[in-house]
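Here the structure comes first, spelled out in structure tokens, and everything after it is commentary.
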Amino acid sequence: MFQGSIPALVTPMHPDGSLDEAALRQLVDFHIEKQSDALVIVGTTGESATLDEQEHCKIIRIAVEQANGRLSIIAGTGANSTTEAIELSQCAKAAGAKASLSVTPYYNKPTQEGLYQHFKTIAEAVDLPIILYNVPGRTGCDLQPATVERLSKINNIIGLKDATGDLGRVRDHRRRCGKDFLLFSGNDDTALDFIILGGQGVISVTANVAPKAMHDMATLGLQGDRAAAEAIDNTLIGLHKHLFIEPNPIPVKWAVQRLGLIKAGIRLPLVPLNVAHQSTVEQAMRDAGVLE
């Protein structure tokens, strides 16, 4: 259903923090032109935590409308309230999203049984394919492989975005969940290794800035041409590192702005990239060939 390089899209905003609908439409077209394989909308990189439900749903609708079937839209619908996650998933389905990306509930610190019941309840409430998202560094809980295995038996839970950085889990998840369960890296710096080990691709921050290179790298990795994929990935090492010089999405929004694709809008409690770090990110962009 999905594979390759899937940018976790930034949410364009005006300098006052309001949504920039025109820029969002332009970003969707930009990624279609650059051959991104799908788009994740209103995930962590899209500042979902500071969007209200009305804005969240509006962004999904705009992205689906602008894509117009030219690429698939995966909607971020995670929440630390199961009820809210269901409401966002219903909105995504109504808007025409092809799947949802649902992060583990943050701050609450649920048990593994609580995580299972959370995702099971969402899956039963909304007939939309779900990609689970495990990112313990942000949420304070870790969706264990045994729990992923249990969830994989639910028909519309189709995959996992794994941002643990533990490459040993790729084969473990594949063994537990079967060949048809989708596995995506949530870490750009190890995405190629993740793909070589059996993943279907990467849900990527770097792809906001270097979408064609990430698409080509992922495609070559899926084809088993590691040498050619590594040659591309080596040009992206600086982006993989320095787009996290401050917490995501601060650096990547600055970089996309530097490309002239969005304005300098970001919402508190996030603030724009520190001037001291801008030259570092800019050099990484030059090394990747996206700036002259």
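Ligands are numbered from 1 in the order shown, chains are lettered A, B, ... in the order of the structure tokens, and residues start at 1 in each chain.
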May I have the residues within 9 Å of Val148 in chain A as a PyMOL selection string, using only C-alpha atoms and disregarding those fewer than 3 positions away in the same chain?
chain A and resi 116+132+143-145+151-153+159-160+173+176-177
Got time to write the residues from that selection, C-alpha atoms, as an mmCIF file, in the first residue's frame?
data_model
loop_
_atom_site.group_PDB
_atom_site.id
_atom_site.type_symbol
_atom_site.label_atom_id
_atom_site.label_comp_id
_atom_site.auth_asym_id
_atom_site.auth_seq_id
_atom_site.Cartn_x
_atom_site.Cartn_y
_atom_site.Cartn_z
ATOM 1 C CA TYR A 116 -3.359 -2.341 23.095
ATOM 2 C CA LEU A 132 1.060 2.810 14.612
ATOM 3 C CA LEU A 143 5.098 0.143 22.307
ATOM 4 C CA GLN A 144 6.782 -3.220 22.765
ATOM 5 C CA PRO A 145 7.125 -5.725 19.888
ATOM 6 C CA LEU A 151 -2.225 -5.238 17.263
ATOM 7 C CA SER A 152 -1.085 -6.509 13.853
ATOM 8 C CA LYS A 153 -3.828 -9.138 14.008
ATOM 9 C CA GLY A 159 1.909 -1.022 9.923
ATOM 10 C CA LEU A 160 4.289 0.694 12.300
ATOM 11 C CA HIS A 173 8.651 -7.050 14.077
ATOM 12 C CA ARG A 176 6.170 -11.424 14.685
ATOM 13 C CA CYS A 177 3.860 -9.549 12.322
#
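Using only C-alpha atoms, the protein and nucleic acid residues lying no more than 12 Å from Ile32 in chain A, apart from those fewer than 5 places from it along its own chain, are Ser5, Ile6, Pro7, Arg25, Gln26, Leu27, Asp37, Ala38, Leu39, Ala63, Gln66, Ala67, Asn68, Gly69, Arg70, Leu71, Ser72, Ile73, Asn208, Pro211, Lys212 and His215 of chain A.
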Counting only C-alpha atoms, what is within 7 Å of Leu273 in chain A, bar same-chain residues fewer than 6 positions away, as a list in words?
Ile250, Pro251 and Trp254 of chain A
Please identify every residue of range 39-92 of chain A that has at least one atom no farther than 12 Å from an atom of range 197-204 of chain A, counting only C-alpha atoms, and for each give the shortest atom pair and the distance in Å to one decimal, arranged by chain then increasing number, as a Markdown table.
| residue | atom | partner | partner_atom | distance |
| --- | --- | --- | --- | --- |
| A:Leu39 | CA | A:Ile203 | CA | 8.4 |
| A:Val40 | CA | A:Ile203 | CA | 7.5 |
| A:Ile41 | CA | A:Ile203 | CA | 10.9 |
| A:Gly43 | CA | A:Ile203 | CA | 10.3 |
| A:Thr44 | CA | A:Ser204 | CA | 11.1 |
| A:Thr45 | CA | A:Ser204 | CA | 9.3 |
| A:Gly46 | CA | A:Ser204 | CA | 11.8 |
| A:Ile74 | CA | A:Ile203 | CA | 10.4 |
| A:Gly76 | CA | A:Ile203 | CA | 11.7 |
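In this structure, CA of Gly78 in chain A sits 12.7 Å away from CA of Cys57 in chain A.
The two atoms in question, CA of Ala94 in chain A and CA of Ser81 in chain A, are spaced 20.1 Å apart.
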Can you pull out the residues contacting range 161-171 of chain A? Cut-off 9 Å, using only C-alpha atoms, and skip same-chain residues under 5 positions away; I want them as a VMD selection string.
chain A and resid 101 103 131 to 137 142 145 176 182 to 187 190 193 to 195 197 to 199 202 to 203
At a cut-off of 10 Å, using only C-alpha atoms, what residues contact Asn155 in chain A? Leave out same-chain residues fewer than 4 positions from it and give the result as a count of residues only.
7
Residues flagged alpha helix (DSSP H) by DSSP in range 114-250 of chain A, as a PyMOL selection string:
chain A and resi 114-125+136-139+145-152+168-177+191-196+211-222+226-235+237-242+250
Counting only C-alpha atoms, what is within 10 Å of Glu282 in chain A, bar same-chain residues fewer than 5 positions away, as a PDB file with N, CA and C atoms, in the first residue's frame?
ATOM      1  N   GLY A 238      24.508  15.346   6.820  1.00  0.00           N
ATOM      2  CA  GLY A 238      24.414  16.612   7.545  1.00  0.00           C
ATOM      3  C   GLY A 238      22.979  16.997   7.850  1.00  0.00           C
ATOM      4  N   LEU A 239      22.077  16.759   6.896  1.00  0.00           N
ATOM      5  CA  LEU A 239      20.669  17.053   7.139  1.00  0.00           C
ATOM      6  C   LEU A 239      20.098  16.124   8.199  1.00  0.00           C
ATOM      7  N   HIS A 242      21.671  17.625  11.465  1.00  0.00           N
ATOM      8  CA  HIS A 242      21.481  19.016  11.881  1.00  0.00           C
ATOM      9  C   HIS A 242      20.036  19.493  11.788  1.00  0.00           C
ATOM     10  N   TRP A 254      12.796  26.101   9.480  1.00  0.00           N
ATOM     11  CA  TRP A 254      13.716  27.144   9.019  1.00  0.00           C
ATOM     12  C   TRP A 254      14.288  26.766   7.656  1.00  0.00           C
ATOM     13  N   ALA A 255      14.641  25.485   7.489  1.00  0.00           N
ATOM     14  CA  ALA A 255      15.240  25.039   6.229  1.00  0.00           C
ATOM     15  C   ALA A 255      14.244  25.141   5.077  1.00  0.00           C
ATOM     16  N   ARG A 258      14.027  28.613   4.185  1.00  0.00           N
ATOM     17  CA  ARG A 258      15.234  29.009   3.446  1.00  0.00           C
ATOM     18  C   ARG A 258      15.123  28.621   1.973  1.00  0.00           C
ATOM     19  N   LEU A 259      14.406  27.562   1.687  1.00  0.00           N
ATOM     20  CA  LEU A 259      14.168  27.159   0.299  1.00  0.00           C
ATOM     21  C   LEU A 259      13.130  28.046  -0.389  1.00  0.00           C
ATOM     22  N   HIS A 277      22.636  28.673  14.959  1.00  0.00           N
ATOM     23  CA  HIS A 277      22.567  27.369  14.306  1.00  0.00           C
ATOM     24  C   HIS A 277      22.215  27.456  12.821  1.00  0.00           C
ATOM     25  N   ASP A 287      25.519  20.888   1.272  1.00  0.00           N
ATOM     26  CA  ASP A 287      26.149  19.584   1.091  1.00  0.00           C
ATOM     27  C   ASP A 287      25.199  18.585   0.426  1.00  0.00           C
ATOM     28  N   ALA A 288      23.921  18.760   0.690  1.00  0.00           N
ATOM     29  CA  ALA A 288      22.915  17.864   0.105  1.00  0.00           C
ATOM     30  C   ALA A 288      22.524  18.280  -1.311  1.00  0.00           C
ATOM     31  N   VAL A 290      20.770  20.974  -2.200  1.00  0.00           N
ATOM     32  CA  VAL A 290      19.477  21.656  -2.340  1.00  0.00           C
ATOM     33  C   VAL A 290      19.613  23.170  -2.307  1.00  0.00           C
ATOM     34  N   LEU A 291      20.797  23.651  -1.984  1.00  0.00           N
ATOM     35  CA  LEU A 291      21.136  25.068  -2.076  1.00  0.00           C
ATOM     36  C   LEU A 291      22.432  25.206  -2.832  1.00  0.00           C
TER      37      LEU A 291
END
CA of Asn80 in chain A to CA of Tyr106 in chain A, distance in Å rounded to a single decimal
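CA of Tyr106 in chain A lies at a distance of 5.4 Å from CA of Asn80 in chain A.
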